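Asks: See entry_2.cif below, with mmCIF, C-alpha atoms.
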```cif
data_protein
#
loop_
_atom_site.group_PDB
_atom_site.id
_atom_site.type_symbol
_atom_site.label_atom_id
_atom_site.label_comp_id
_atom_site.auth_asym_id
_atom_site.auth_seq_id
_atom_site.Cartn_x
_atom_site.Cartn_y
_atom_site.Cartn_z
ATOM 1 C CA MET A 25 11.245 17.961 3.163
ATOM 2 C CA ARG A 26 7.513 17.936 3.879
ATOM 3 C CA ARG A 27 7.706 21.553 5.059
ATOM 4 C CA HIS A 28 9.414 22.575 1.814
ATOM 5 C CA LEU A 29 6.767 20.763 -0.266
ATOM 6 C CA CYS A 30 3.950 22.469 1.617
ATOM 7 C CA LEU A 31 5.619 25.833 1.122
ATOM 8 C CA PHE A 32 6.078 25.087 -2.597
ATOM 9 C CA TRP A 33 2.450 24.091 -3.125
ATOM 10 C CA GLY A 34 1.265 27.019 -1.054
ATOM 11 C CA LEU A 35 3.232 29.482 -3.177
ATOM 12 C CA LEU A 36 2.033 27.802 -6.375
ATOM 13 C CA LEU A 37 -1.603 28.012 -5.268
ATOM 14 C CA ALA A 38 -1.227 31.652 -4.229
ATOM 15 C CA SER A 39 0.360 32.467 -7.581
ATOM 16 C CA ALA A 40 -2.440 30.752 -9.479
ATOM 17 C CA LEU A 41 -5.134 32.512 -7.472
ATOM 18 C CA GLY A 42 -3.422 35.836 -7.936
ATOM 19 C CA ALA A 43 -3.257 35.345 -11.709
ATOM 20 C CA ALA A 44 -6.945 34.414 -11.782
ATOM 21 C CA VAL A 45 -7.920 37.543 -9.882
ATOM 22 C CA GLN A 46 -5.806 39.726 -12.171
ATOM 23 C CA ALA A 47 -7.394 38.190 -15.273
ATOM 24 C CA GLU A 48 -10.994 38.667 -14.092
ATOM 25 C CA THR A 49 -11.612 42.362 -14.802
ATOM 26 C CA LEU A 50 -11.778 43.605 -18.388
ATOM 27 C CA ARG A 51 -11.739 47.300 -19.282
ATOM 28 C CA ILE A 52 -14.346 48.121 -21.902
ATOM 29 C CA ALA A 53 -14.428 51.454 -23.739
ATOM 30 C CA THR A 54 -17.833 52.912 -24.515
ATOM 31 C CA GLY A 55 -19.665 56.206 -25.026
ATOM 32 C CA GLU A 56 -22.857 57.988 -24.038
ATOM 33 C CA LEU A 57 -26.038 56.710 -25.688
ATOM 34 C CA PRO A 58 -28.809 56.564 -23.075
ATOM 35 C CA PRO A 59 -30.626 54.371 -22.325
ATOM 36 C CA TYR A 60 -28.212 51.833 -23.832
ATOM 37 C CA ALA A 61 -24.972 53.284 -22.448
ATOM 38 C CA SER A 62 -24.706 56.043 -19.871
ATOM 39 C CA ALA A 63 -22.417 56.833 -16.950
ATOM 40 C CA ALA A 64 -25.384 58.548 -15.253
ATOM 41 C CA ARG A 65 -27.503 55.382 -14.954
ATOM 42 C CA PRO A 66 -27.056 52.988 -12.008
ATOM 43 C CA ASP A 67 -26.813 50.049 -14.436
ATOM 44 C CA GLN A 68 -24.709 52.142 -16.885
ATOM 45 C CA GLY A 69 -27.260 51.418 -19.605
ATOM 46 C CA ILE A 70 -29.279 48.494 -20.941
ATOM 47 C CA SER A 71 -26.666 47.286 -23.435
ATOM 48 C CA LEU A 72 -23.783 47.648 -20.989
ATOM 49 C CA HIS A 73 -25.765 45.821 -18.301
ATOM 50 C CA ILE A 74 -26.329 42.939 -20.719
ATOM 51 C CA VAL A 75 -22.599 42.840 -21.515
ATOM 52 C CA ARG A 76 -21.737 42.895 -17.789
ATOM 53 C CA GLN A 77 -24.167 40.087 -16.957
ATOM 54 C CA ALA A 78 -23.056 37.966 -19.920
ATOM 55 C CA PHE A 79 -19.436 38.216 -18.807
ATOM 56 C CA ALA A 80 -20.513 37.440 -15.230
ATOM 57 C CA LYS A 81 -21.992 34.165 -16.493
ATOM 58 C CA ALA A 82 -18.484 33.376 -17.772
ATOM 59 C CA GLY A 83 -16.865 34.371 -14.461
ATOM 60 C CA VAL A 84 -15.447 37.657 -15.753
ATOM 61 C CA GLN A 85 -15.893 41.129 -14.286
ATOM 62 C CA VAL A 86 -15.913 44.302 -16.375
ATOM 63 C CA GLU A 87 -15.126 47.963 -15.862
ATOM 64 C CA TYR A 88 -16.465 50.615 -18.263
ATOM 65 C CA VAL A 89 -14.495 53.630 -19.447
ATOM 66 C CA PHE A 90 -16.649 56.365 -21.038
ATOM 67 C CA LEU A 91 -15.036 58.185 -23.954
ATOM 68 C CA PRO A 92 -16.106 59.917 -27.166
ATOM 69 C CA TRP A 93 -17.301 57.101 -29.426
ATOM 70 C CA THR A 94 -14.651 57.564 -32.104
ATOM 71 C CA ARG A 95 -11.870 57.575 -29.533
ATOM 72 C CA ALA A 96 -13.291 54.433 -27.904
ATOM 73 C CA LEU A 97 -13.243 52.692 -31.278
ATOM 74 C CA VAL A 98 -9.741 53.787 -32.314
ATOM 75 C CA GLU A 99 -8.107 53.088 -28.969
ATOM 76 C CA THR A 100 -9.741 49.664 -28.671
ATOM 77 C CA ARG A 101 -8.631 48.709 -32.168
ATOM 78 C CA ASP A 102 -5.096 49.693 -31.149
ATOM 79 C CA GLY A 103 -5.324 47.414 -28.098
ATOM 80 C CA LYS A 104 -5.484 50.005 -25.333
ATOM 81 C CA TRP A 105 -8.807 48.630 -24.046
ATOM 82 C CA ASP A 106 -9.935 45.015 -23.805
ATOM 83 C CA ALA A 107 -13.179 45.647 -25.705
ATOM 84 C CA THR A 108 -15.664 48.274 -26.816
ATOM 85 C CA ALA A 109 -19.472 48.187 -26.726
ATOM 86 C CA ALA A 110 -21.949 48.362 -28.257
ATOM 87 C CA TRP A 111 -21.686 48.895 -32.020
ATOM 88 C CA GLY A 112 -23.816 48.239 -35.090
ATOM 89 C CA ARG A 113 -22.247 46.254 -37.901
ATOM 90 C CA ASN A 114 -20.201 48.151 -40.475
ATOM 91 C CA ALA A 115 -17.874 46.234 -42.787
ATOM 92 C CA GLU A 116 -15.280 49.014 -42.973
ATOM 93 C CA ARG A 117 -15.334 49.888 -39.282
ATOM 94 C CA ASP A 118 -15.272 46.228 -38.184
ATOM 95 C CA LYS A 119 -11.808 45.733 -39.686
ATOM 96 C CA GLY A 120 -9.261 44.800 -37.039
ATOM 97 C CA PHE A 121 -11.936 43.549 -34.615
ATOM 98 C CA LEU A 122 -13.495 40.323 -33.474
ATOM 99 C CA VAL A 123 -17.264 40.906 -33.344
ATOM 100 C CA SER A 124 -19.574 39.215 -30.835
ATOM 101 C CA ASP A 125 -23.005 37.701 -31.205
ATOM 102 C CA ASN A 126 -25.902 40.154 -31.043
ATOM 103 C CA VAL A 127 -26.055 42.002 -27.717
ATOM 104 C CA LEU A 128 -29.299 43.847 -28.440
ATOM 105 C CA THR A 129 -31.455 44.692 -31.464
ATOM 106 C CA GLU A 130 -32.311 48.383 -31.668
ATOM 107 C CA GLN A 131 -35.532 49.730 -33.226
ATOM 108 C CA TRP A 132 -34.553 52.582 -35.559
ATOM 109 C CA GLN A 133 -37.321 54.786 -36.945
ATOM 110 C CA ILE A 134 -37.532 58.128 -38.729
ATOM 111 C CA LEU A 135 -38.719 61.014 -36.567
ATOM 112 C CA TYR A 136 -40.562 64.016 -37.988
ATOM 113 C CA ARG A 137 -42.652 66.915 -36.708
ATOM 114 C CA SER A 138 -46.326 66.304 -35.990
ATOM 115 C CA ASP A 139 -47.352 69.317 -38.116
ATOM 116 C CA ARG A 140 -45.984 67.659 -41.254
ATOM 117 C CA ASN A 141 -47.262 64.878 -43.462
ATOM 118 C CA PHE A 142 -44.473 62.364 -43.909
ATOM 119 C CA THR A 143 -44.307 58.892 -45.378
ATOM 120 C CA TRP A 144 -41.587 56.796 -46.944
ATOM 121 C CA SER A 145 -40.959 53.296 -48.261
ATOM 122 C CA SER A 146 -37.362 53.475 -49.525
ATOM 123 C CA LEU A 147 -34.288 55.651 -49.019
ATOM 124 C CA GLN A 148 -34.951 57.270 -52.375
ATOM 125 C CA ASP A 149 -38.095 58.812 -50.865
ATOM 126 C CA LEU A 150 -35.853 60.817 -48.509
ATOM 127 C CA ALA A 151 -34.116 62.610 -51.387
ATOM 128 C CA GLY A 152 -34.576 66.360 -51.089
ATOM 129 C CA LEU A 153 -35.171 66.252 -47.331
ATOM 130 C CA ARG A 154 -32.720 67.597 -44.771
ATOM 131 C CA ILE A 155 -31.775 64.545 -42.710
ATOM 132 C CA GLY A 156 -30.309 65.101 -39.244
ATOM 133 C CA VAL A 157 -27.502 62.604 -38.591
ATOM 134 C CA VAL A 158 -24.549 61.984 -36.261
ATOM 135 C CA ALA A 159 -21.271 61.332 -38.064
ATOM 136 C CA ASP A 160 -20.183 58.296 -36.000
ATOM 137 C CA TYR A 161 -23.478 56.420 -36.302
ATOM 138 C CA THR A 162 -23.842 53.236 -38.343
ATOM 139 C CA TYR A 163 -27.265 53.757 -39.999
ATOM 140 C CA THR A 164 -26.838 51.548 -43.103
ATOM 141 C CA PRO A 165 -24.110 51.235 -45.774
ATOM 142 C CA ALA A 166 -26.687 52.223 -48.402
ATOM 143 C CA PHE A 167 -27.612 55.371 -46.472
ATOM 144 C CA TRP A 168 -24.011 56.579 -46.184
ATOM 145 C CA ARG A 169 -23.320 55.693 -49.818
ATOM 146 C CA MET A 170 -26.281 57.794 -50.978
ATOM 147 C CA ALA A 171 -25.280 60.627 -48.641
ATOM 148 C CA LYS A 172 -21.730 60.563 -49.989
ATOM 149 C CA ASP A 173 -22.804 60.705 -53.627
ATOM 150 C CA GLY A 174 -25.262 63.527 -52.919
ATOM 151 C CA THR A 175 -28.490 61.587 -53.419
ATOM 152 C CA LEU A 176 -29.384 62.198 -49.779
ATOM 153 C CA ARG A 177 -28.785 65.437 -47.888
ATOM 154 C CA ALA A 178 -27.158 64.548 -44.560
ATOM 155 C CA ASP A 179 -27.028 67.404 -42.057
ATOM 156 C CA VAL A 180 -24.412 66.380 -39.470
ATOM 157 C CA ALA A 181 -24.725 67.272 -35.769
ATOM 158 C CA PRO A 182 -22.534 66.271 -32.804
ATOM 159 C CA ASP A 183 -25.276 64.342 -31.000
ATOM 160 C CA ASP A 184 -28.941 63.313 -30.932
ATOM 161 C CA VAL A 185 -30.082 66.194 -28.725
ATOM 162 C CA SER A 186 -28.735 68.661 -31.279
ATOM 163 C CA ASN A 187 -30.596 66.860 -34.046
ATOM 164 C CA LEU A 188 -33.855 66.871 -32.098
ATOM 165 C CA ASN A 189 -33.472 70.588 -31.432
ATOM 166 C CA LYS A 190 -32.895 71.165 -35.144
ATOM 167 C CA LEU A 191 -35.946 69.063 -35.974
ATOM 168 C CA LEU A 192 -38.164 71.091 -33.647
ATOM 169 C CA ALA A 193 -36.743 74.349 -35.019
ATOM 170 C CA GLY A 194 -37.379 73.280 -38.624
ATOM 171 C CA ARG A 195 -33.688 73.221 -39.530
ATOM 172 C CA VAL A 196 -33.916 69.544 -40.535
ATOM 173 C CA ASP A 197 -36.935 67.649 -41.839
ATOM 174 C CA VAL A 198 -36.352 64.164 -40.416
ATOM 175 C CA VAL A 199 -34.059 62.411 -37.924
ATOM 176 C CA PRO A 200 -33.324 58.654 -37.936
ATOM 177 C CA LEU A 201 -33.148 57.526 -34.308
ATOM 178 C CA ASP A 202 -33.660 54.439 -32.184
ATOM 179 C CA ARG A 203 -37.047 54.383 -30.457
ATOM 180 C CA ASN A 204 -35.712 53.910 -26.913
ATOM 181 C CA VAL A 205 -33.121 56.643 -27.389
ATOM 182 C CA ALA A 206 -35.810 58.995 -28.681
ATOM 183 C CA CYS A 207 -38.066 58.178 -25.731
ATOM 184 C CA ASP A 208 -35.265 58.728 -23.229
ATOM 185 C CA LEU A 209 -34.114 62.030 -24.728
ATOM 186 C CA LEU A 210 -37.570 63.494 -25.319
ATOM 187 C CA GLY A 211 -38.566 62.668 -21.762
ATOM 188 C CA ALA A 212 -35.366 63.958 -20.140
ATOM 189 C CA LYS A 213 -34.198 66.858 -22.298
ATOM 190 C CA PHE A 214 -37.387 68.426 -23.673
ATOM 191 C CA THR A 215 -40.653 69.824 -22.373
ATOM 192 C CA GLY A 216 -43.890 67.906 -22.746
ATOM 193 C CA GLU A 217 -45.070 70.382 -25.398
ATOM 194 C CA GLN A 218 -41.881 69.864 -27.404
ATOM 195 C CA ALA A 219 -42.054 66.084 -27.104
ATOM 196 C CA ARG A 220 -45.666 66.055 -28.338
ATOM 197 C CA ARG A 221 -44.523 67.741 -31.556
ATOM 198 C CA VAL A 222 -42.440 64.704 -32.540
ATOM 199 C CA ARG A 223 -43.739 61.621 -34.316
ATOM 200 C CA ALA A 224 -42.112 58.442 -35.576
ATOM 201 C CA HIS A 225 -42.952 56.700 -38.833
ATOM 202 C CA PRO A 226 -43.904 53.044 -38.144
ATOM 203 C CA LYS A 227 -41.637 51.637 -40.851
ATOM 204 C CA LEU A 228 -38.274 50.690 -39.366
ATOM 205 C CA PHE A 229 -35.384 52.681 -40.787
ATOM 206 C CA VAL A 230 -33.115 49.652 -40.285
ATOM 207 C CA PRO A 231 -34.964 46.294 -40.331
ATOM 208 C CA ASP A 232 -32.456 44.383 -38.191
ATOM 209 C CA PHE A 233 -30.084 46.736 -36.343
ATOM 210 C CA THR A 234 -28.033 44.376 -34.196
ATOM 211 C CA THR A 235 -25.377 45.707 -31.807
ATOM 212 C CA HIS A 236 -22.177 44.011 -30.680
ATOM 213 C CA LEU A 237 -19.186 43.859 -28.377
ATOM 214 C CA MET A 238 -15.903 44.204 -30.270
ATOM 215 C CA MET A 239 -12.353 43.165 -29.346
ATOM 216 C CA SER A 240 -9.096 44.038 -31.045
ATOM 217 C CA GLU A 241 -7.441 41.335 -33.121
ATOM 218 C CA LYS A 242 -4.122 42.705 -31.836
ATOM 219 C CA LEU A 243 -4.684 41.336 -28.333
ATOM 220 C CA PRO A 244 -3.738 37.630 -28.024
ATOM 221 C CA ALA A 245 -6.430 37.027 -25.389
ATOM 222 C CA SER A 246 -9.288 38.412 -27.508
ATOM 223 C CA ALA A 247 -10.325 35.131 -29.131
ATOM 224 C CA LYS A 248 -10.777 33.250 -25.841
ATOM 225 C CA ARG A 249 -12.437 36.244 -24.209
ATOM 226 C CA MET A 250 -14.896 36.519 -27.083
ATOM 227 C CA GLU A 251 -15.722 32.829 -26.837
ATOM 228 C CA ALA A 252 -16.381 33.278 -23.113
ATOM 229 C CA PHE A 253 -18.584 36.301 -23.746
ATOM 230 C CA ASN A 254 -20.678 34.569 -26.391
ATOM 231 C CA ARG A 255 -21.161 31.587 -24.071
ATOM 232 C CA GLY A 256 -22.228 33.905 -21.278
ATOM 233 C CA LEU A 257 -24.598 35.804 -23.558
ATOM 234 C CA LYS A 258 -26.245 32.563 -24.649
ATOM 235 C CA ALA A 259 -26.619 31.489 -21.022
ATOM 236 C CA LEU A 260 -28.108 34.882 -20.119
ATOM 237 C CA ARG A 261 -30.763 34.488 -22.813
ATOM 238 C CA GLN A 262 -31.570 30.916 -21.819
ATOM 239 C CA SER A 263 -31.920 31.831 -18.143
ATOM 240 C CA GLY A 264 -34.654 34.394 -18.852
ATOM 241 C CA GLU A 265 -32.596 37.200 -17.316
ATOM 242 C CA TYR A 266 -31.993 38.758 -20.728
ATOM 243 C CA GLY A 267 -35.698 39.318 -21.347
ATOM 244 C CA LYS A 268 -36.152 40.885 -17.921
ATOM 245 C CA ILE A 269 -33.366 43.395 -18.615
ATOM 246 C CA LEU A 270 -35.063 44.492 -21.840
ATOM 247 C CA GLN A 271 -38.309 45.139 -19.953
ATOM 248 C CA GLN A 272 -36.643 47.648 -17.609
ATOM 249 C CA GLN A 273 -36.764 50.606 -20.013
ATOM 250 C CA PRO A 274 -39.812 52.747 -19.193
ATOM 251 C CA CYS A 275 -41.427 55.134 -21.671
ATOM 252 C CA ALA A 276 -44.166 57.594 -20.690
ATOM 253 C CA ALA A 277 -47.528 56.634 -22.180
ATOM 254 C CA ASP A 278 -47.881 59.716 -24.390
ATOM 255 C CA LEU A 279 -44.348 59.326 -25.745
ATOM 256 C CA ALA A 280 -44.817 55.612 -26.286
ATOM 257 C CA GLN A 281 -47.950 56.275 -28.342
ATOM 258 C CA ALA A 282 -46.274 58.965 -30.443
ATOM 259 C CA LEU A 283 -43.223 56.792 -31.101
ATOM 260 C CA GLN A 284 -45.276 53.808 -32.147
ATOM 261 C CA GLY A 285 -45.610 55.651 -35.438
ATOM 262 C CA GLY A 286 -48.326 57.340 -37.401
#
```
Take the structure in this file and express it as structure tokens.
Replies:
Amino acid sequence: MRRHLCLFWGLLLASALGAAVQAETLRIATGELPPYASAARPDQGISLHIVRQAFAKAGVQVEYVFLPWTRALVETRDGKWDATAAWGRNAERDKGFLVSDNVLTEQWQILYRSDRNFTWSSLQDLAGLRIGVVADYTYTPAFWRMAKDGTLRADVAPDDVSNLNKLLAGRVDVVPLDRNVACDLLGAKFTGEQARRVRAHPKLFVPDFTTHLMMSEKLPASAKRMEAFNRGLKALRQSGEYGKILQQQPCAADLAQALQGG
């Protein structure tokens, strides 16, 4: 009898451990947006590293799948992936998702050429300018509303590099872009002479551009997973590790000065 009980408890323990191991790795759909998300970086990007470390605090491992951003969003909403990261808030796009606490606050500015005089204080001041945008980006609800009704002239490109090329060639007048993304792209994809021709206006294009992990409401496990993630994210901040991650993004001195604005 004792042998049977030992065998029973051994099988039960093995089953429980096996289930725990199977439940530990989440598949998260994402896209390319260096330095925040990139398959080419050892840490896979600042935002994705924060997400990974926050989940680690909750005892969960993650695996990233890089896809076109729209596909990552659609397939995650349908429940194919456990989560998607990292997205700005958009009331229409957020439908069907649970949305996490803030992963990272981006610093969006308006880029322009150094040979032009440019200033702005409201979106209305951008009327008449050719504005280089990417269709999938959040920007702000007000921006897209004014672009849709024709108040603003949105010139759509497939990615940020295309928009920067158009800016340098004079095919668009301004490009809204996050400061770290601009620094990364100008340093990696353009010559020093080209990079020096770009400036950023000091006024933030979006005052508080928070980004988030999202999970489909269709998956029964999403609610508990989101609770675990938010707990881990809070612990990451409190430990001081979060601040150290944010300090790991270098920007060459000349680019940093130009992108400070003015």
Asks: Expand the PyMOL selection byres ((chain A and resi 129-140) around 8) into the explicit residue set it covers here, and present it as a ChimeraX atom specification.
Replies: /A:126-128,141-142,191-192,197-204,220-235
Asks: Determine the nearest neighbour of Arg255 of chain A from the options A:Asp125, A:Glu48, A:Glu116, A:Asp67, counting only C-alpha atoms.
Replies: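 Of A:Asp125, A:Glu48, A:Glu116, A:Asp67, the one nearest Arg255 of chain A, counting only C-alpha atoms, is A:Asp125.
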Asks: Report the residues retrieved by the PyMOL selection byres ((chain A and resi 243) around 12) from the displayed file, expressed as a list in words.
Replies: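 For this structure, the PyMOL selection byres ((chain A and resi 243) around 12) resolves to Thr100, Arg101, Asp102, Gly103, Lys104, Trp105, Asp106, Ala107, Gly120, Phe121, Leu122, Met238, Met239, Ser240, Glu241, Lys242, Pro244, Ala245, Ser246, Ala247, Lys248, Arg249 and Met250 of chain A.
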Asks: List the neighbours of Leu147 of chain A out to 12 Å using only C-alpha atoms; skip same-chain residues closer than 5 positions along the sequence, and give me the result as a compact mmCIF listing (two decimals) with C-alpha atoms, in the coordinates of the input.
Replies:
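Once written, out-v8.txt looks like this:
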```
# COMPACT_ATOMS: atom_id res chain seq x y z
CA ILE A 134 -37.53 58.13 -38.73
CA GLY A 152 -34.58 66.36 -51.09
CA LEU A 153 -35.17 66.25 -47.33
CA ILE A 155 -31.78 64.54 -42.71
CA TYR A 163 -27.26 53.76 -40.00
CA THR A 164 -26.84 51.55 -43.10
CA PRO A 165 -24.11 51.24 -45.77
CA ALA A 166 -26.69 52.22 -48.40
CA PHE A 167 -27.61 55.37 -46.47
CA TRP A 168 -24.01 56.58 -46.18
CA ARG A 169 -23.32 55.69 -49.82
CA MET A 170 -26.28 57.79 -50.98
CA ALA A 171 -25.28 60.63 -48.64
CA THR A 175 -28.49 61.59 -53.42
CA LEU A 176 -29.38 62.20 -49.78
CA ARG A 177 -28.78 65.44 -47.89
CA PRO A 200 -33.32 58.65 -37.94
CA LYS A 227 -41.64 51.64 -40.85
CA LEU A 228 -38.27 50.69 -39.37
CA PHE A 229 -35.38 52.68 -40.79
CA VAL A 230 -33.12 49.65 -40.28
```
Asks: Take the PyMOL selection byres ((chain A and resi 75-83) around 8), run it mentally on this structure, and tell me the resulting residues as number ranges by chain.
Replies: A: 48, 71-74, 84-86, 127, 237, 252-260
